[in-house]
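A.B. asks: Structure file work02.cif (mmCIF, C-alpha atoms) is given on the next line.
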data_entry
#
loop_
_atom_site.label_atom_id
_atom_site.label_comp_id
_atom_site.auth_asym_id
_atom_site.auth_seq_id
_atom_site.Cartn_x
_atom_site.Cartn_y
_atom_site.Cartn_z
CA MET B 29 164.45 36.23 -256.81
CA SER B 30 162.79 35.15 -253.56
CA VAL B 31 164.05 32.18 -251.57
CA THR B 32 161.82 29.09 -251.65
CA ILE B 33 160.94 26.70 -248.87
CA GLN B 34 162.73 23.95 -250.82
CA GLU B 35 165.97 25.94 -250.71
CA VAL B 36 165.60 26.40 -246.95
CA ALA B 37 165.01 22.66 -246.50
CA GLU B 38 168.09 21.73 -248.56
CA ALA B 39 170.33 24.21 -246.72
CA ALA B 40 169.11 22.96 -243.32
CA GLY B 41 169.30 19.30 -244.31
CA VAL B 42 165.64 18.62 -243.56
CA SER B 43 162.44 18.03 -245.51
CA LYS B 44 160.01 20.71 -246.69
CA ALA B 45 157.49 19.28 -244.24
CA THR B 46 159.90 19.87 -241.36
CA VAL B 47 160.47 23.48 -242.43
CA SER B 48 156.70 23.94 -242.58
CA LYS B 49 156.30 22.53 -239.06
CA VAL B 50 159.00 24.85 -237.76
CA LEU B 51 157.22 27.82 -239.37
CA HIS B 52 153.98 26.75 -237.68
CA LYS B 53 155.82 26.26 -234.36
CA SER B 54 154.84 22.61 -234.16
CA TYR B 55 155.44 20.88 -230.85
CA SER B 56 156.64 17.70 -232.65
CA ILE B 57 159.95 19.23 -233.82
CA SER B 58 162.97 19.20 -231.52
CA GLN B 59 164.44 22.47 -230.32
CA GLU B 60 167.76 21.64 -231.99
CA THR B 61 166.08 21.23 -235.39
CA CYS B 62 164.01 24.39 -234.88
CA ASP B 63 167.15 26.38 -234.09
CA ARG B 64 168.96 25.05 -237.18
CA VAL B 65 166.05 25.74 -239.52
CA ASN B 66 165.43 29.21 -238.08
CA ALA B 67 169.13 30.05 -238.49
CA VAL B 68 168.93 29.11 -242.19
CA ILE B 69 165.70 31.10 -242.61
CA LYS B 70 167.43 34.15 -241.16
CA GLU B 71 170.61 33.62 -243.20
CA LEU B 72 168.76 33.22 -246.52
CA GLY B 73 166.15 35.87 -245.74
CA TYR B 74 163.24 33.53 -246.41
CA GLN B 75 159.78 35.12 -246.12
CA PRO B 76 156.89 32.61 -245.95
CA ASN B 77 153.77 33.40 -247.94
CA ARG B 78 151.18 33.49 -245.16
CA ARG B 79 148.26 33.85 -247.54
CA ALA B 80 149.32 30.77 -249.47
CA GLN B 81 149.83 28.84 -246.24
CA SER B 82 146.34 29.69 -245.03
CA PHE B 83 144.83 28.72 -248.37
CA ALA B 84 146.69 25.40 -248.41
CA THR B 85 145.86 24.42 -244.85
CA GLY B 86 142.38 25.88 -244.64
CA ALA B 87 143.45 27.76 -241.50
CA THR B 88 143.03 31.49 -240.95
CA LYS B 89 145.69 31.70 -238.18
CA THR B 90 143.29 34.06 -236.42
CA ILE B 91 141.52 33.86 -233.06
CA LEU B 92 138.41 35.88 -232.17
CA PHE B 93 138.05 37.50 -228.72
CA LEU B 94 134.47 38.36 -227.73
CA ALA B 95 133.61 40.56 -224.75
CA GLU B 96 131.30 43.34 -223.64
CA MET B 97 133.21 46.56 -224.37
CA GLN B 98 130.77 49.39 -223.82
CA HIS B 99 131.89 52.98 -223.19
CA GLY B 100 133.96 53.26 -220.01
CA VAL B 101 134.86 49.57 -219.81
CA GLY B 102 138.52 50.47 -219.27
CA PHE B 103 137.56 51.93 -215.88
CA ASP B 104 134.74 49.55 -215.00
CA ASN B 105 136.66 46.40 -215.93
CA PRO B 106 140.42 47.06 -216.17
CA HIS B 107 141.02 43.29 -216.02
CA LEU B 108 139.71 42.94 -219.55
CA PHE B 109 142.60 44.70 -221.22
CA GLU B 110 145.22 42.82 -219.20
CA ILE B 111 143.56 39.57 -220.28
CA MET B 112 143.54 40.63 -223.94
CA ALA B 113 147.20 41.69 -223.76
CA GLY B 114 148.11 38.26 -222.39
CA VAL B 115 146.08 36.54 -225.10
CA GLU B 116 147.74 38.54 -227.87
CA ASN B 117 151.21 37.90 -226.48
CA ALA B 118 150.73 34.12 -226.41
CA LEU B 119 149.07 34.01 -229.85
CA SER B 120 151.73 36.12 -231.56
CA GLU B 121 154.42 33.71 -230.36
CA LYS B 122 152.65 30.99 -232.34
CA GLY B 123 152.05 33.11 -235.43
CA TYR B 124 148.37 33.78 -234.75
CA GLY B 125 146.53 37.07 -235.04
CA LEU B 126 143.77 38.36 -232.76
CA ILE B 127 140.43 39.94 -233.67
CA VAL B 128 138.69 41.74 -230.80
CA GLN B 129 134.96 42.31 -231.09
CA HIS B 130 132.26 43.73 -228.83
CA SER B 131 129.23 41.59 -228.13
CA THR B 132 126.66 40.84 -225.48
CA ALA B 133 125.15 37.47 -224.64
CA VAL B 134 121.95 38.47 -226.47
CA GLU B 135 123.83 39.63 -229.58
CA LEU B 136 126.03 36.55 -229.58
CA LEU B 137 123.01 34.28 -229.43
CA ARG B 138 121.37 36.17 -232.28
CA HIS B 139 124.45 36.00 -234.54
CA PHE B 140 126.01 32.79 -233.23
CA ASP B 141 126.44 30.98 -236.55
CA GLU B 142 127.72 34.12 -238.25
CA LEU B 143 130.35 34.86 -235.60
CA LEU B 144 131.52 31.37 -234.75
CA GLN B 145 132.17 29.77 -238.10
CA GLY B 146 135.42 28.04 -238.99
CA SER B 147 135.93 29.93 -242.25
CA TYR B 148 136.10 33.18 -240.28
CA VAL B 149 138.51 32.23 -237.47
CA ASP B 150 140.28 29.13 -236.17
CA GLY B 151 139.06 29.53 -232.60
CA VAL B 152 137.36 31.88 -230.18
CA ILE B 153 138.01 33.17 -226.67
CA LEU B 154 134.89 34.39 -224.90
CA HIS B 155 134.85 36.61 -221.83
CA ALA B 156 132.33 35.33 -219.28
CA SER B 157 130.36 38.56 -219.73
CA VAL B 158 128.98 37.27 -223.06
CA VAL B 159 128.14 33.73 -221.90
CA SER B 160 124.59 33.02 -220.78
CA LYS B 161 122.88 29.67 -220.28
CA ASP B 162 121.50 29.83 -223.83
CA VAL B 163 124.93 30.68 -225.24
CA ALA B 164 126.37 27.75 -223.27
CA ILE B 165 123.91 25.38 -224.97
CA CYS B 166 125.06 26.62 -228.39
CA LEU B 167 128.74 26.34 -227.45
CA ALA B 168 128.20 22.73 -226.39
CA HIS B 169 127.27 21.91 -230.01
CA THR B 170 129.83 24.01 -231.87
CA GLU B 171 132.84 22.39 -233.52
CA LEU B 172 134.89 25.59 -233.32
CA PRO B 173 137.59 25.39 -230.60
CA TYR B 174 136.80 27.84 -227.79
CA ILE B 175 137.63 28.77 -224.20
CA VAL B 176 135.62 30.92 -221.78
CA VAL B 177 137.65 33.30 -219.60
CA GLY B 178 135.95 33.36 -216.21
CA ALA B 179 133.91 30.55 -214.71
CA PRO B 180 130.20 30.97 -215.62
CA ASP B 181 127.98 31.46 -212.56
CA PHE B 182 125.76 28.50 -213.45
CA SER B 183 126.21 24.74 -213.77
CA ASN B 184 127.76 23.96 -217.15
CA GLN B 185 129.87 21.62 -219.27
CA LEU B 186 131.80 24.45 -220.91
CA CYS B 187 135.53 24.73 -221.41
CA TRP B 188 136.62 27.57 -219.10
CA ILE B 189 139.56 29.00 -217.18
CA ASP B 190 139.51 31.37 -214.19
CA THR B 191 141.55 32.78 -211.33
CA ASN B 192 141.45 31.01 -207.98
CA ASN B 193 139.28 33.49 -206.07
CA SER B 194 138.87 31.28 -203.02
CA VAL B 195 142.65 31.14 -202.57
CA ALA B 196 142.84 34.93 -202.97
CA GLY B 197 140.33 35.40 -200.16
CA GLN B 198 142.12 32.94 -197.91
CA ILE B 199 145.44 34.74 -198.49
CA ALA B 200 143.85 38.02 -197.36
CA VAL B 201 142.33 36.45 -194.22
CA THR B 202 145.54 34.64 -193.27
CA HIS B 203 147.63 37.79 -193.73
CA LEU B 204 145.36 39.84 -191.47
CA ARG B 205 145.30 37.23 -188.72
CA ARG B 206 149.07 36.86 -188.78
CA ASN B 207 149.31 40.62 -188.29
CA GLY B 208 147.08 40.52 -185.22
CA TYR B 209 143.66 41.45 -186.65
CA ASP B 210 140.96 39.19 -185.24
CA ARG B 211 137.70 41.00 -186.08
CA ILE B 212 137.57 40.82 -189.88
CA ALA B 213 134.69 42.26 -191.91
CA PHE B 214 133.94 41.68 -195.57
CA ILE B 215 132.54 44.09 -198.17
CA GLY B 216 131.22 42.68 -201.45
CA LEU B 217 132.55 39.15 -200.92
CA ASN B 218 129.38 37.19 -200.25
CA GLY B 219 129.93 34.77 -203.14
CA ALA B 220 133.51 33.99 -202.14
CA LEU B 221 132.90 33.41 -198.43
CA ALA B 222 131.34 29.99 -198.94
CA THR B 223 134.79 28.66 -199.85
CA LEU B 224 136.57 30.28 -196.89
CA ASN B 225 134.77 28.39 -194.13
CA GLU B 226 134.62 31.62 -192.14
CA LYS B 227 132.24 32.22 -189.21
CA ILE B 228 131.19 35.81 -189.81
CA PRO B 229 129.97 37.82 -186.79
CA ALA B 230 126.59 39.50 -187.17
CA GLY B 231 126.85 42.59 -189.35
CA TYR B 232 130.40 41.90 -190.53
CA LEU B 233 129.33 40.92 -194.05
CA ARG B 234 128.18 43.92 -196.09
CA GLU B 235 126.75 43.77 -199.60
CA GLY B 236 125.95 46.57 -202.02
CA PRO B 237 127.03 48.11 -205.33
CA PRO B 238 130.69 47.38 -206.28
CA THR B 239 131.42 51.11 -206.34
CA SER B 240 133.12 53.73 -204.16
CA GLU B 241 129.67 54.83 -202.96
CA GLY B 242 128.88 51.24 -202.06
CA GLY B 243 132.18 50.96 -200.16
CA ALA B 244 131.46 54.16 -198.22
CA ALA B 245 127.95 53.01 -197.28
CA ALA B 246 129.28 49.62 -196.12
CA ALA B 247 131.97 51.32 -194.02
CA ARG B 248 129.35 53.51 -192.31
CA ALA B 249 127.32 50.41 -191.47
CA LEU B 250 130.37 48.67 -189.99
CA LEU B 251 131.22 51.70 -187.86
CA ALA B 252 127.68 51.72 -186.46
CA LEU B 253 128.08 48.21 -184.99
CA PRO B 254 128.40 47.83 -181.21
CA MET B 255 131.68 45.97 -181.74
CA GLN B 256 133.51 47.47 -184.71
CA PRO B 257 135.80 45.27 -186.81
CA ASN B 258 139.51 45.98 -186.72
CA ALA B 259 140.07 44.91 -190.34
CA VAL B 260 138.07 44.89 -193.56
CA ILE B 261 138.54 43.00 -196.82
CA CYS B 262 137.11 44.84 -199.85
CA ALA B 263 136.13 42.95 -203.00
CA ASN B 264 137.60 45.52 -205.40
CA GLN B 265 139.54 48.78 -205.54
CA TYR B 266 136.47 50.97 -206.03
CA ILE B 267 134.88 49.60 -202.87
CA ALA B 268 138.20 50.05 -201.03
CA PHE B 269 138.48 53.67 -202.23
CA GLY B 270 135.07 54.55 -200.80
CA CYS B 271 135.69 52.57 -197.63
CA VAL B 272 139.02 54.27 -196.90
CA ASN B 273 137.59 57.74 -197.49
CA GLU B 274 134.68 57.06 -195.15
CA LEU B 275 136.99 55.70 -192.43
CA LYS B 276 139.14 58.84 -192.65
CA VAL B 277 136.10 61.14 -192.43
CA SER B 278 135.02 59.24 -189.32
CA GLY B 279 138.43 59.66 -187.68
CA ILE B 280 139.42 56.01 -188.01
CA ARG B 281 143.19 55.53 -188.32
CA ILE B 282 144.44 53.03 -190.92
CA PRO B 283 145.83 50.57 -189.93
CA GLU B 284 146.02 51.40 -186.20
CA ASP B 285 142.24 51.30 -185.70
CA MET B 286 141.24 49.32 -188.77
CA ALA B 287 143.27 47.57 -191.48
CA VAL B 288 142.12 47.54 -195.11
CA ILE B 289 143.07 45.06 -197.81
CA THR B 290 141.68 44.56 -201.31
CA PHE B 291 142.39 42.75 -204.58
CA ASP B 292 144.48 43.71 -207.64
CA ASP B 293 147.20 46.32 -207.75
CA PHE B 294 145.36 48.99 -209.75
CA PRO B 295 144.01 51.59 -210.15
CA PHE B 296 144.02 53.09 -206.62
CA SER B 297 146.17 50.95 -204.32
CA LYS B 298 149.37 53.00 -204.74
CA ILE B 299 147.78 56.46 -204.62
CA ILE B 300 145.50 55.99 -201.60
CA GLU B 301 147.04 57.14 -198.32
CA PRO B 302 148.07 54.90 -196.72
CA GLN B 303 148.93 52.69 -199.68
CA LEU B 304 146.81 49.55 -199.73
CA SER B 305 147.92 45.99 -199.21
CA VAL B 306 146.50 43.86 -202.01
CA VAL B 307 146.14 40.28 -203.14
CA ASN B 308 147.21 40.68 -206.74
CA LEU B 309 145.63 38.63 -209.52
CA ASP B 310 147.74 38.22 -212.67
CA MET B 311 145.22 38.76 -215.45
CA PHE B 312 147.95 38.93 -218.11
CA ASP B 313 148.99 35.39 -217.21
CA MET B 314 145.39 34.20 -217.34
CA GLY B 315 145.07 35.65 -220.85
CA GLU B 316 148.20 33.78 -221.89
CA GLN B 317 146.87 30.54 -220.41
CA ALA B 318 143.52 30.98 -222.18
CA ALA B 319 145.28 31.46 -225.52
CA LYS B 320 147.35 28.33 -224.98
CA VAL B 321 144.22 26.31 -224.20
CA VAL B 322 142.40 27.40 -227.37
CA LEU B 323 145.48 26.63 -229.48
CA ARG B 324 145.68 23.20 -227.89
CA ARG B 325 142.01 22.63 -228.65
CA ILE B 326 142.71 23.48 -232.29
CA ARG B 327 145.26 20.64 -232.34
CA THR B 328 143.20 18.33 -230.11
CA PRO B 329 139.46 19.16 -230.46
CA GLN B 330 138.38 16.72 -227.72
CA TYR B 331 140.54 18.48 -225.11
CA LEU B 332 138.35 19.96 -222.37
CA VAL B 333 139.41 21.99 -219.35
CA GLN B 334 137.55 23.51 -216.42
CA SER B 335 140.25 24.90 -214.19
CA GLN B 336 141.41 27.67 -211.94
CA THR B 337 144.79 29.13 -212.70
CA THR B 338 147.00 32.12 -211.88
CA LEU B 339 147.67 31.87 -208.15
CA PRO B 340 147.30 35.23 -206.37
CA ILE B 341 150.26 37.02 -204.76
CA LEU B 342 150.17 39.11 -201.58
CA ILE B 343 151.64 42.64 -201.81
CA GLU B 344 151.90 44.02 -198.26
CA ARG B 345 151.82 47.78 -197.74
CA GLN B 346 151.01 50.26 -194.94
CA SER B 347 147.25 49.60 -194.74
CA THR B 348 147.73 46.26 -192.94
CA LYS B 349 150.81 47.05 -190.86
CA LYS B 350 151.29 44.52 -188.06
CA LEU B 351 149.70 45.43 -184.74
CA LEU B 352 152.10 45.90 -181.84
#
The structure given in the file should be rewritten as structure tokens.
C.D. replies:
Amino acid sequence: MSVTIQEVAEAAGVSKATVSKVLHKSYSISQETCDRVNAVIKELGYQPNRRAQSFATGATKTILFLAEMQHGVGFDNPHLFEIMAGVENALSEKGYGLIVQHSTAVELLRHFDELLQGSYVDGVILHASVVSKDVAICLAHTELPYIVVGAPDFSNQLCWIDTNNSVAGQIAVTHLRRNGYDRIAFIGLNGALATLNEKIPAGYLREGPPTSEGGAAAARALLALPMQPNAVICANQYIAFGCVNELKVSGIRIPEDMAVITFDDFPFSKIIEPQLSVVNLDMFDMGEQAAKVVLRRIRTPQYLVQSQTTLPILIERQSTKKLL
């Protein structure tokens, strides 16, 4: 015969309501009480009926994650899977499940009511790739708790969380200057430079596709300048890969003639020769933080956050070795 919640409560010396709160990982129960109740649950072998709990509370204990996930996204946007892993880790600790679904901003707008209804999930986490201005208008009127991962690139009143990209850029600049590099060029960082208060010499800011081909083309343009830079900051690893290859073909020594630094620690930083210094962004942590925000919004619907989190960390390698 299965153990009941009443038997657990009596053995732990608490009420059924307290046992229920412990099972739901409520923040209102002391750690001492949680430990005592969990010890009794383990001793008696109690197994809660999740289906009955969901029926009684009207909660699904499920969060929806929406993002663009077309073919090849694992290579084009490796951040996405680190974010999802962080989300799942934080949700599972609170007894929540995760549903991952592909969408685009157009598809989300078309099926908004169908996707974001409370009887389907308790909350939703949206990657910025699926949030347009029209989607933002709909989100502003939904009662379903949500959080957007990545700050939208337009003025908004949304609830969102993002990495601190301006700090990441400043870390890269400061590191290069401390190591003696004073002519710093930028590839693919036009949007971030406004927050760095940098005076960029003519030709030192290069834009183009965020690809290895784009990085190679930008490197060629930098090498054609009358005064070549002695360091370059690349917006992503693909740009850095193309940039490094082009510098090598042109006989430029890294870091003796030109230092190279980029962001994130994958996929190329450790296999490029020389290994690249990076400003690493912890996407797993951002996923965990996003999950915690949406769970808090379930408990407190009026809670709103627009914040930057996950401070970047410098990983110094051979590509920015200090000048003698």
A.B. asks: Taking the file as shown, find all residues satisfying the PyMOL selection byres ((chain B and resi 245) around 12) and write them as a JSON list (two decimals) with C-alpha atoms, keeping the file's coordinate frame.
C.D. replies:
[["chain", "number", "residue", "atom", "x", "y", "z"],
["B", 215, "ILE", "CA", 132.54, 44.09, -198.17],
["B", 216, "GLY", "CA", 131.22, 42.68, -201.45],
["B", 234, "ARG", "CA", 128.18, 43.92, -196.09],
["B", 235, "GLU", "CA", 126.75, 43.77, -199.60],
["B", 236, "GLY", "CA", 125.95, 46.57, -202.02],
["B", 237, "PRO", "CA", 127.03, 48.11, -205.33],
["B", 238, "PRO", "CA", 130.69, 47.38, -206.28],
["B", 239, "THR", "CA", 131.42, 51.11, -206.34],
["B", 240, "SER", "CA", 133.12, 53.73, -204.16],
["B", 241, "GLU", "CA", 129.67, 54.83, -202.96],
["B", 242, "GLY", "CA", 128.88, 51.24, -202.06],
["B", 243, "GLY", "CA", 132.18, 50.96, -200.16],
["B", 244, "ALA", "CA", 131.46, 54.16, -198.22],
["B", 246, "ALA", "CA", 129.28, 49.62, -196.12],
["B", 247, "ALA", "CA", 131.97, 51.32, -194.02],
["B", 248, "ARG", "CA", 129.35, 53.51, -192.31],
["B", 249, "ALA", "CA", 127.32, 50.41, -191.47],
["B", 250, "LEU", "CA", 130.37, 48.67, -189.99],
["B", 251, "LEU", "CA", 131.22, 51.70, -187.86],
["B", 252, "ALA", "CA", 127.68, 51.72, -186.46],
["B", 267, "ILE", "CA", 134.88, 49.60, -202.87],
["B", 268, "ALA", "CA", 138.20, 50.05, -201.03],
["B", 269, "PHE", "CA", 138.48, 53.67, -202.23],
["B", 270, "GLY", "CA", 135.07, 54.55, -200.80],
["B", 271, "CYS", "CA", 135.69, 52.57, -197.63],
["B", 272, "VAL", "CA", 139.02, 54.27, -196.90],
["B", 273, "ASN", "CA", 137.59, 57.74, -197.49],
["B", 274, "GLU", "CA", 134.68, 57.06, -195.15],
["B", 275, "LEU", "CA", 136.99, 55.70, -192.43]]
A.B. asks: Please provide the set of residues having any atom within 12 Å of Ile111 in chain B, restricted to all atoms listed in the file, with same-chain residues fewer than 2 positions apart removed, written as a ChimeraX atom specification.
C.D. replies: /B:93-95,105-109,113-118,128,153-155,176-178,189-191,309-319,338
A.B. asks: Work out how far apart CA of Leu351 in chain B and CA of Met286 in chain B are and give it in Å to one decimal.
C.D. replies: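 Those two atoms sit 10.1 Å apart.
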A.B. asks: Hey, what's within 12 Å of Thr348 in chain B if we count only C-alpha atoms and toss same-chain stuff fewer than 5 positions away? As a PyMOL selection string, please?
C.D. replies: chain B and resi 200-209+212+258-261+281-290+302-307+342-343
A.B. asks: Only C-alpha atoms, please: the residues just picked out, written as an mmCIF file, in the coordinates of the input.
C.D. replies:
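What landed in selection_34.cif:
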data_model
loop_
_atom_site.group_PDB
_atom_site.id
_atom_site.type_symbol
_atom_site.label_atom_id
_atom_site.label_comp_id
_atom_site.auth_asym_id
_atom_site.auth_seq_id
_atom_site.Cartn_x
_atom_site.Cartn_y
_atom_site.Cartn_z
ATOM 1 C CA ALA B 200 143.850 38.020 -197.360
ATOM 2 C CA VAL B 201 142.330 36.450 -194.220
ATOM 3 C CA THR B 202 145.540 34.640 -193.270
ATOM 4 C CA HIS B 203 147.630 37.790 -193.730
ATOM 5 C CA LEU B 204 145.360 39.840 -191.470
ATOM 6 C CA ARG B 205 145.300 37.230 -188.720
ATOM 7 C CA ARG B 206 149.070 36.860 -188.780
ATOM 8 C CA ASN B 207 149.310 40.620 -188.290
ATOM 9 C CA GLY B 208 147.080 40.520 -185.220
ATOM 10 C CA TYR B 209 143.660 41.450 -186.650
ATOM 11 C CA ILE B 212 137.570 40.820 -189.880
ATOM 12 C CA ASN B 258 139.510 45.980 -186.720
ATOM 13 C CA ALA B 259 140.070 44.910 -190.340
ATOM 14 C CA VAL B 260 138.070 44.890 -193.560
ATOM 15 C CA ILE B 261 138.540 43.000 -196.820
ATOM 16 C CA ARG B 281 143.190 55.530 -188.320
ATOM 17 C CA ILE B 282 144.440 53.030 -190.920
ATOM 18 C CA PRO B 283 145.830 50.570 -189.930
ATOM 19 C CA GLU B 284 146.020 51.400 -186.200
ATOM 20 C CA ASP B 285 142.240 51.300 -185.700
ATOM 21 C CA MET B 286 141.240 49.320 -188.770
ATOM 22 C CA ALA B 287 143.270 47.570 -191.480
ATOM 23 C CA VAL B 288 142.120 47.540 -195.110
ATOM 24 C CA ILE B 289 143.070 45.060 -197.810
ATOM 25 C CA THR B 290 141.680 44.560 -201.310
ATOM 26 C CA PRO B 302 148.070 54.900 -196.720
ATOM 27 C CA GLN B 303 148.930 52.690 -199.680
ATOM 28 C CA LEU B 304 146.810 49.550 -199.730
ATOM 29 C CA SER B 305 147.920 45.990 -199.210
ATOM 30 C CA VAL B 306 146.500 43.860 -202.010
ATOM 31 C CA VAL B 307 146.140 40.280 -203.140
ATOM 32 C CA LEU B 342 150.170 39.110 -201.580
ATOM 33 C CA ILE B 343 151.640 42.640 -201.810
#
A.B. asks: Report as an mmCIF file with C-alpha atoms, in the coordinates of the input all protein, DNA and RNA residues lying within 9 Å of Thr32 in chain B, evaluated on all atoms listed in the file, omitting residues in the same chain fewer than 3 positions from it.
C.D. replies:
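So the final result, stored in out20.cif, reads:
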data_model
loop_
_atom_site.group_PDB
_atom_site.id
_atom_site.type_symbol
_atom_site.label_atom_id
_atom_site.label_comp_id
_atom_site.auth_asym_id
_atom_site.auth_seq_id
_atom_site.Cartn_x
_atom_site.Cartn_y
_atom_site.Cartn_z
ATOM 1 C CA GLU B 35 165.970 25.940 -250.710
ATOM 2 C CA VAL B 36 165.600 26.400 -246.950
ATOM 3 C CA ALA B 37 165.010 22.660 -246.500
ATOM 4 C CA TYR B 74 163.240 33.530 -246.410
ATOM 5 C CA GLN B 75 159.780 35.120 -246.120
ATOM 6 C CA PRO B 76 156.890 32.610 -245.950
#
A.B. asks: Which residue, B:Lys298, B:Ala263, B:Val68, B:Leu136, has the smallest gap to Ala196 in chain B when you use all atoms listed in the file?
C.D. replies: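 Of all the options, B:Ala263 lies closest to Ala196 in chain B.
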